[in-house]
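These notes are about the structure you will find just below.
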Amino acid sequence: MKLFHRLKNIPAGQKYRYTLIVLATLLLLAPFTLIPSLFGNPDLCGPLCMRRFYLYFPGMTWEDFLSQLSVAAIGAGFLAFILVTTFFFGRIWCSYLCPMGGVPELASRVTGERWKLEYRWLPQVPIRYGYFLTFVLLMPMLGVSACTLCNFITVPRIFQAFSGDWRGVAFLVTTVGMVNLGLVLLLGVFANKGRAYCSFLCPIGAIDALVNRLGSKFRFTRRIRVERNRCTGCNECARKCMCGAITMVDKIAVVDQLSCMSCHECADVCDWGAIDWLTVPPEIRHKRKKKDVEFHPLPEWIALHKPGKDSFLRSRVLLLLLLLALGLLVWSQTASAAPRQMDPDGCLVCHSLPGLEFVNDQGLSRDLTIDRDHYAASLHGNVPCSDCHAEIRYFPHKEDKGVDCAAECHLEEPSEGAAYTHKEVAEEMQASVHRQGRSKGFTGNNRLEESVKDANPSCRLCHSNTGYISEVQMPRFRELFQHSEEACGNCHKDDVWRQRYTGHILRRLLGGRWTKEEGNRMCAKCHGDRARMSKVEREAGREQPEPASPRFVLANASYDLTLHGRLIAAGRESGASCLDCHAPAGLQHKIQEDEKPGASTHKETLAKTCAAEACHSYAGNDANRGFLYTDMHDMDLTPVLLEMKPERLPALPEGFDADSNWARAMVVLVALTALMLVVWLLGNLFARPVKGKVYSALGGGVFRRRMLEMPDRRGKKSRVVLKGKKK
Amino acid sequence: MIIRRFLFLYFLAASIALANPLVQEMDQAQPDAAELQRAKEQLEKSSPEAVETPLFVPPFHKRKDAQALPATFCRSCHQQNPHRSNARKRAFLNMHSRYISCETCHWWPEGEQLAYAWMQVPGSSHARGMIVPRLKGEPVLIAESIPWARVLKQQWEEADEAGKVEIKAKLHHPLREKGPGCGACHGNEDALLDYGLLGYKPQRARELELNPTARFIERTEPRSADEPVRRIHIRDLLE
């Protein structure tokens, strides 16, 4: 019942504020996630992240920064918008809309003061900017993920967990999740006024506060400002201020614009209208008399406080540029290239008939129809059937030896005149971790056997006979093709030759057939299947085959939790895909185990791989060695739930690394929580009960003394004079 | 109870009204011992379980999406690809079964003259439905949805081993196991189906009559039961 009582006692203006926070929560967080889903993102991470793009890595160039910016373009745009509103109206985003600070604050509001820890007396500004510098400079240098202490992950996950999404629960039971949950509880729910995280750790808040301070110098901007001549020194505003931005200096409230969030609570509780959200700096020219009745008696001590000299800059016209991004829906058409080689063997006479199907002896339904148009426009469109299906010459067909991908076909490689073959690719694959995979003997009949039995990927698991130009690139291809007719046609008159040549060159220049997301999905087809992966015996590079380790089995799950994985899952090409790191240019089919020298992920070559074009060019910088220790398959990030097996439920999961930074952070936080709990308990049991207003369990006394200029409870001075509101 | 009786009477009436000659033949069939034995053998060596597709390893060449199948009574047991044993012809026959009803090839009532026509069948992917036989102007096709078929399905599910053998034998009694060969419709100008009457344009009708694929397959037909299958060079197909 106390809870309802506390809710009821919230001032009317603050109720409005909390309503906005709840609305923002509904818009931004689970279960609805309306705004993030506008950008195709399930949470506030990845492209929506507002906290990562200004990280500085030693050796970073301007291009690197721009690429970081483009990765999180939406988040950066959002932050810019916040800063603009802050400049004019104060940090209203923080106080009125931010659910990450607002939700713990609301929770703290309904928690009794006896439970709480007081942080507001701490030197906020040094701590905040000290941590901000650590966050921007030191943590990237040490290779600690910026997501470590981020409540933009945690609060959404809590909502996910409560809206029945297992991912939320799974995150909260990881080490990182627990550390962050601890932060939300210690610096949010159990902090007095619930905004300690915002005051100390939030990097957005740190930047925003600078803009707030800058804006407060201008005359036309709205800020919480004090009318000195009205202030009675009752310290009610300072006591209620959630940011600890108000201190009593010589019994007059002073607002620290580096900490104020313009939540208006001070204005709501001030009976004298001495503090308010004002544009013009208040001066003493207010009417104090109406019909000869003094309604704001001038306190005796007012003469002591002369307002400082104006140092406000003149207002000037500021240009606001609003960029409207127009989403263009490109209607891509699945048009095929001109039909090339027709069917010299006559196979398609029968095989192009629609509905040519039968059920074979294994009970597998076989579809014999080849889509003639698709085949003609496909990669192998000018390879006759018999080049690959070499054994088939007669009808009815005998069961043949199957297709050999490394075989030569009748196409000629024009520069050398040699027969075209995938032999080198097949050899590359034989030297990779996937060396057991099939590259020959493909028949329609053994597809079932391959699907069920093979542990390694075959050529055809990843590759199929797709269109020569992928559908995504078709519009661009058409455009360039059109251009080439005009540009090249002046000299090269032979249309057939020119079109063939242009088509081939353009196809190569347009590059990748797959988006990174499709590439990852292909790897995840096997590596994301935990049941399949746990059966794998890893032989490559080992004397004895090793059973799959949890790190190997969960490689896909742990990758999905990294920024790389998230960006790609959100459809951004800026993240590194599986292939970007494990099969970079030059090693495309030669994916090798990390331990093997020459592998792209081997510790000697890793810096080069990370520094690949448009990625982390600073990775090789000596000042930056820590960066390479960033674990892209961090088992500590991987939900413990995923690998829990009932028979070993009570033990720590196998992949739990007790030496990791996460584990250490957890130890510290657990110890800290335990200490606070003990202090609180002892205080409740043995401390002398204090009459009157209750302050927070821990730190309340210091707050009274330092911020409110109230005497120590233990002191002899009477508390009555300065206590609370005068009524 | 009254409702049930009414329902029964309704189904009875409906089934009599809708009964077609094939259904009547099936109902009145008296399978002999040999037929029963054969049905028993076939039931015993039931076909292997169908493998669920798509497989983990995708097909290399692009495949069309599965097409809807006409909802005929035969399909409720024989499913998507009923022809299985003849490796040479099964795929071609299955292709035909998309738009030619089973009755067309497997039902030859004695002493009757049949005509053939298109008929719309629910679920058929062909624009004009299926080709069905017509007896005295009435199309003969057992749809999956008629009450008789539903009653029979119920009986089949409740029947024991012997019961199933009997039902199977009765159902297949009026039918012939082997239909006419490819040459009956393709490969000569005196085709079984009158393409003109079926609405084909003269040129297409001629293409169908002289279809090279069908004649090609006919050439691989063994002359006698002992002779192995004759293999022909595919190149010859291009003639």
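Naming scheme: A, B, ... for chains in displayed order of the structure tokens; residues 1 onward per chain; ligands 1 onward as shown.
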
DSSP-assigned strand (DSSP E) among segment 20-238 of chain B, expressed as a PyMOL selection string: chain B and resi 114-119+130-135+138-139+232-233

Residue subset to file, keeping N, CA and C atoms, as an mmCIF file, in the first residue's frame:
```
data_model
loop_
_atom_site.group_PDB
_atom_site.id
_atom_site.type_symbol
_atom_site.label_atom_id
_atom_site.label_comp_id
_atom_site.auth_asym_id
_atom_site.auth_seq_id
_atom_site.Cartn_x
_atom_site.Cartn_y
_atom_site.Cartn_z
ATOM 1 N N LEU B 114 -16.176 -45.003 -74.813
ATOM 2 C CA LEU B 114 -15.886 -43.846 -73.961
ATOM 3 C C LEU B 114 -15.490 -42.647 -74.810
ATOM 4 N N ALA B 115 -15.883 -41.489 -74.338
ATOM 5 C CA ALA B 115 -15.385 -40.237 -74.934
ATOM 6 C C ALA B 115 -14.553 -39.544 -73.852
ATOM 7 N N TYR B 116 -13.772 -38.529 -74.232
ATOM 8 C CA TYR B 116 -12.923 -37.867 -73.237
ATOM 9 C C TYR B 116 -13.128 -36.362 -73.288
ATOM 10 N N ALA B 117 -13.066 -35.748 -72.131
ATOM 11 C CA ALA B 117 -13.290 -34.295 -72.084
ATOM 12 C C ALA B 117 -12.576 -33.706 -70.879
ATOM 13 N N TRP B 118 -12.397 -32.408 -70.915
ATOM 14 C CA TRP B 118 -11.805 -31.714 -69.771
ATOM 15 C C TRP B 118 -12.855 -31.548 -68.681
ATOM 16 N N MET B 119 -12.420 -31.562 -67.443
ATOM 17 C CA MET B 119 -13.339 -31.342 -66.337
ATOM 18 C C MET B 119 -12.570 -30.621 -65.229
ATOM 19 N N MET B 130 -8.801 -31.517 -65.636
ATOM 20 C CA MET B 130 -8.215 -32.799 -66.020
ATOM 21 C C MET B 130 -9.014 -33.411 -67.158
ATOM 22 N N ILE B 131 -8.316 -34.271 -67.907
ATOM 23 C CA ILE B 131 -9.022 -35.032 -68.929
ATOM 24 C C ILE B 131 -9.639 -36.262 -68.259
ATOM 25 N N VAL B 132 -10.964 -36.413 -68.408
ATOM 26 C CA VAL B 132 -11.638 -37.553 -67.774
ATOM 27 C C VAL B 132 -12.435 -38.308 -68.839
ATOM 28 N N PRO B 133 -12.682 -39.589 -68.601
ATOM 29 C CA PRO B 133 -13.532 -40.321 -69.551
ATOM 30 C C PRO B 133 -14.998 -39.926 -69.385
ATOM 31 N N ARG B 134 -15.742 -39.998 -70.453
ATOM 32 C CA ARG B 134 -17.180 -39.714 -70.369
ATOM 33 C C ARG B 134 -17.922 -40.950 -70.856
ATOM 34 N N LEU B 135 -18.889 -41.359 -70.023
ATOM 35 C CA LEU B 135 -19.716 -42.501 -70.395
ATOM 36 C C LEU B 135 -21.131 -41.983 -70.585
ATOM 37 N N GLU B 138 -21.754 -38.489 -69.509
ATOM 38 C CA GLU B 138 -21.479 -38.079 -68.126
ATOM 39 C C GLU B 138 -20.001 -38.275 -67.807
ATOM 40 N N PRO B 139 -19.318 -37.275 -67.272
ATOM 41 C CA PRO B 139 -17.904 -37.466 -66.910
ATOM 42 C C PRO B 139 -17.769 -38.444 -65.734
ATOM 43 N N ILE B 232 19.318 -46.296 -75.845
ATOM 44 C CA ILE B 232 19.496 -45.531 -77.079
ATOM 45 C C ILE B 232 20.299 -44.278 -76.780
ATOM 46 N N HIS B 233 21.139 -43.930 -77.710
ATOM 47 C CA HIS B 233 21.918 -42.703 -77.544
ATOM 48 C C HIS B 233 20.986 -41.494 -77.529
#
```

At most 8 Å to chain B: residues in chain A, only C-alpha atoms, as a ChimeraX atom specification: /A:345-347,349-350,354-365,367-371,374-375,393-396,444,447-448,450-452,460-461,463-466

Neighbour list for segment 7-20 of chain A as a tab-separated table (two decimals) with C-alpha atoms, in the first residue's frame, cut-off 10 Å, only C-alpha atoms, skip fewer than 5 positions in-chain:
```
chain	number	residue	atom	x	y	z
A	1	MET	CA	0.00	0.00	0.00
A	2	LYS	CA	2.94	2.25	0.67
A	25	THR	CA	9.26	2.69	-22.93
A	26	LEU	CA	6.41	1.29	-24.96
A	92	ILE	CA	14.62	17.02	-21.57
A	95	SER	CA	14.53	13.32	-18.04
A	96	TYR	CA	11.34	12.99	-20.04
A	97	LEU	CA	11.94	10.26	-22.58
A	98	CYS	CA	14.92	8.06	-21.84
A	99	PRO	CA	13.53	4.74	-20.65
A	102	GLY	CA	13.54	6.61	-16.48
A	103	VAL	CA	12.52	3.08	-15.66
A	105	GLU	CA	14.11	6.07	-11.61
A	106	LEU	CA	10.45	5.18	-11.46
A	109	ARG	CA	10.59	6.36	-6.70
A	110	VAL	CA	8.36	3.66	-5.29
A	263	CYS	CA	13.10	17.43	-14.88
A	264	HIS	CA	11.18	20.32	-13.25
A	265	GLU	CA	10.75	18.55	-9.94
A	267	ALA	CA	10.02	23.88	-9.84
A	268	ASP	CA	7.12	21.65	-8.79
A	269	VAL	CA	8.12	21.57	-5.14
```

Minimum-distance residue to Ser108 of chain A, chosen among A:Val189, A:Leu563, A:Leu579, A:Leu675 (using only C-alpha atoms): A:Val189

DSSP-assigned helix (DSSP H, G or I) members of segment 486-682 of chain A, reported as an MDAnalysis selection string: chainID A and resid 486:488 495:510 516:527 530:534 550:553 555:560 563:569 578:582 606:610 617:620 622:629 640:643 646:648 661:682

Put those residues in a file: C-alpha atoms, as an mmCIF file, in the first residue's frame.
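Output (out-v2.cif):
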```
data_model
loop_
_atom_site.group_PDB
_atom_site.id
_atom_site.type_symbol
_atom_site.label_atom_id
_atom_site.label_comp_id
_atom_site.auth_asym_id
_atom_site.auth_seq_id
_atom_site.Cartn_x
_atom_site.Cartn_y
_atom_site.Cartn_z
ATOM 1 C CA GLU A 486 26.934 3.916 -75.746
ATOM 2 C CA ALA A 487 30.460 4.299 -74.423
ATOM 3 C CA CYS A 488 32.169 1.291 -76.006
ATOM 4 C CA ASP A 495 27.421 -6.263 -80.794
ATOM 5 C CA VAL A 496 27.564 -9.937 -79.868
ATOM 6 C CA TRP A 497 31.208 -9.828 -78.928
ATOM 7 C CA ARG A 498 30.865 -6.565 -77.052
ATOM 8 C CA GLN A 499 27.831 -7.689 -75.075
ATOM 9 C CA ARG A 500 29.445 -10.940 -74.073
ATOM 10 C CA TYR A 501 32.609 -9.238 -73.035
ATOM 11 C CA THR A 502 30.847 -6.425 -71.165
ATOM 12 C CA GLY A 503 28.504 -8.828 -69.446
ATOM 13 C CA HIS A 504 31.381 -10.899 -68.197
ATOM 14 C CA ILE A 505 33.493 -7.975 -67.032
ATOM 15 C CA LEU A 506 30.582 -6.226 -65.351
ATOM 16 C CA ARG A 507 29.572 -9.377 -63.565
ATOM 17 C CA ARG A 508 33.086 -9.559 -62.115
ATOM 18 C CA LEU A 509 33.298 -5.866 -61.261
ATOM 19 C CA LEU A 510 29.933 -5.774 -59.552
ATOM 20 C CA LYS A 516 27.015 -10.756 -45.852
ATOM 21 C CA GLU A 517 23.813 -11.780 -44.179
ATOM 22 C CA GLU A 518 23.290 -14.538 -46.724
ATOM 23 C CA GLY A 519 26.896 -15.633 -46.284
ATOM 24 C CA ASN A 520 26.474 -15.840 -42.536
ATOM 25 C CA ARG A 521 23.241 -17.724 -42.930
ATOM 26 C CA MET A 522 25.090 -20.222 -45.043
ATOM 27 C CA CYS A 523 27.750 -20.805 -42.372
ATOM 28 C CA ALA A 524 25.075 -20.902 -39.695
ATOM 29 C CA LYS A 525 23.288 -23.638 -41.561
ATOM 30 C CA CYS A 526 25.802 -26.037 -40.046
ATOM 31 C CA HIS A 527 27.572 -24.002 -37.379
ATOM 32 C CA ARG A 530 24.230 -27.140 -32.074
ATOM 33 C CA ALA A 531 23.142 -30.752 -32.298
ATOM 34 C CA ARG A 532 25.036 -31.168 -35.559
ATOM 35 C CA MET A 533 28.122 -29.345 -34.318
ATOM 36 C CA SER A 534 28.405 -31.246 -31.052
ATOM 37 C CA PRO A 550 31.597 -25.715 -26.215
ATOM 38 C CA ARG A 551 33.416 -22.799 -27.792
ATOM 39 C CA PHE A 552 33.242 -24.554 -31.144
ATOM 40 C CA VAL A 553 29.660 -25.682 -30.729
ATOM 41 C CA ALA A 555 30.702 -20.319 -32.122
ATOM 42 C CA ASN A 556 27.716 -19.091 -34.042
ATOM 43 C CA ALA A 557 25.734 -18.089 -30.962
ATOM 44 C CA SER A 558 28.642 -16.164 -29.481
ATOM 45 C CA TYR A 559 29.309 -14.420 -32.796
ATOM 46 C CA ASP A 560 25.672 -13.381 -33.065
ATOM 47 C CA LEU A 563 28.538 -5.997 -32.799
ATOM 48 C CA HIS A 564 29.704 -7.627 -36.026
ATOM 49 C CA GLY A 565 26.984 -10.221 -35.848
ATOM 50 C CA ARG A 566 24.331 -7.744 -34.845
ATOM 51 C CA LEU A 567 25.115 -5.299 -37.634
ATOM 52 C CA ILE A 568 24.874 -7.991 -40.232
ATOM 53 C CA ALA A 569 21.734 -9.431 -38.712
ATOM 54 C CA CYS A 578 32.104 -15.142 -40.867
ATOM 55 C CA LEU A 579 33.807 -15.173 -44.244
ATOM 56 C CA ASP A 580 35.354 -11.720 -43.824
ATOM 57 C CA CYS A 581 37.523 -13.003 -40.984
ATOM 58 C CA HIS A 582 37.852 -16.730 -41.665
ATOM 59 C CA LEU A 606 45.057 -11.495 -37.112
ATOM 60 C CA ALA A 607 46.183 -7.878 -37.191
ATOM 61 C CA LYS A 608 46.365 -8.030 -40.979
ATOM 62 C CA THR A 609 42.935 -9.599 -41.225
ATOM 63 C CA CYS A 610 41.354 -6.997 -38.943
ATOM 64 C CA SER A 617 43.169 -0.101 -40.156
ATOM 65 C CA TYR A 618 44.642 0.723 -36.759
ATOM 66 C CA ALA A 619 44.600 -2.923 -35.644
ATOM 67 C CA GLY A 620 48.295 -3.388 -36.365
ATOM 68 C CA ASP A 622 51.658 -1.295 -31.525
ATOM 69 C CA ALA A 623 49.908 0.957 -29.025
ATOM 70 C CA ASN A 624 46.840 -1.023 -29.772
ATOM 71 C CA ARG A 625 47.820 -4.631 -29.060
ATOM 72 C CA GLY A 626 44.915 -5.021 -26.690
ATOM 73 C CA PHE A 627 42.525 -4.522 -29.524
ATOM 74 C CA LEU A 628 43.483 -7.878 -30.983
ATOM 75 C CA TYR A 629 42.544 -9.637 -27.776
ATOM 76 C CA VAL A 640 24.764 -19.788 -20.092
ATOM 77 C CA LEU A 641 21.303 -21.171 -20.689
ATOM 78 C CA LEU A 642 22.169 -22.297 -24.161
ATOM 79 C CA GLU A 643 24.713 -24.815 -23.046
ATOM 80 C CA PRO A 646 20.291 -30.938 -16.933
ATOM 81 C CA GLU A 647 22.871 -33.446 -15.683
ATOM 82 C CA ARG A 648 25.391 -30.755 -14.829
ATOM 83 C CA ASN A 661 37.659 -9.765 -17.024
ATOM 84 C CA TRP A 662 33.976 -10.437 -16.793
ATOM 85 C CA ALA A 663 34.432 -12.893 -14.005
ATOM 86 C CA ARG A 664 36.623 -10.428 -12.101
ATOM 87 C CA ALA A 665 34.103 -7.651 -12.582
ATOM 88 C CA MET A 666 31.416 -9.921 -11.239
ATOM 89 C CA VAL A 667 33.462 -10.784 -8.163
ATOM 90 C CA VAL A 668 33.951 -7.090 -7.396
ATOM 91 C CA LEU A 669 30.300 -6.291 -7.864
ATOM 92 C CA VAL A 670 29.105 -9.231 -5.830
ATOM 93 C CA ALA A 671 31.463 -8.222 -3.024
ATOM 94 C CA LEU A 672 30.271 -4.622 -3.230
ATOM 95 C CA THR A 673 26.631 -5.633 -3.152
ATOM 96 C CA ALA A 674 27.253 -7.902 -0.196
ATOM 97 C CA LEU A 675 29.041 -5.095 1.661
ATOM 98 C CA MET A 676 26.228 -2.663 1.044
ATOM 99 C CA LEU A 677 23.704 -5.233 2.135
ATOM 100 C CA VAL A 678 25.609 -5.848 5.374
ATOM 101 C CA VAL A 679 25.941 -2.126 6.104
ATOM 102 C CA TRP A 680 22.294 -1.590 5.422
ATOM 103 C CA LEU A 681 21.323 -4.517 7.618
ATOM 104 C CA LEU A 682 23.586 -3.454 10.480
#
```

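Note that atom CA of Asn211 of chain B and atom CA of Glu189 of chain B are 10.7 Å apart.
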
Residues within 12 Å of Arg542 of chain A, only C-alpha atoms, excluding chain neighbours under 2 positions, as a PyMOL selection string: chain A and resi 433+537-540+544-547+593-596

Which residue of A:Leu38, A:Leu122, A:Val155, A:Cys270 approaches Met707 of chain A most closely, using only C-alpha atoms: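 Closest residue, counting only C-alpha atoms: A:Leu122.
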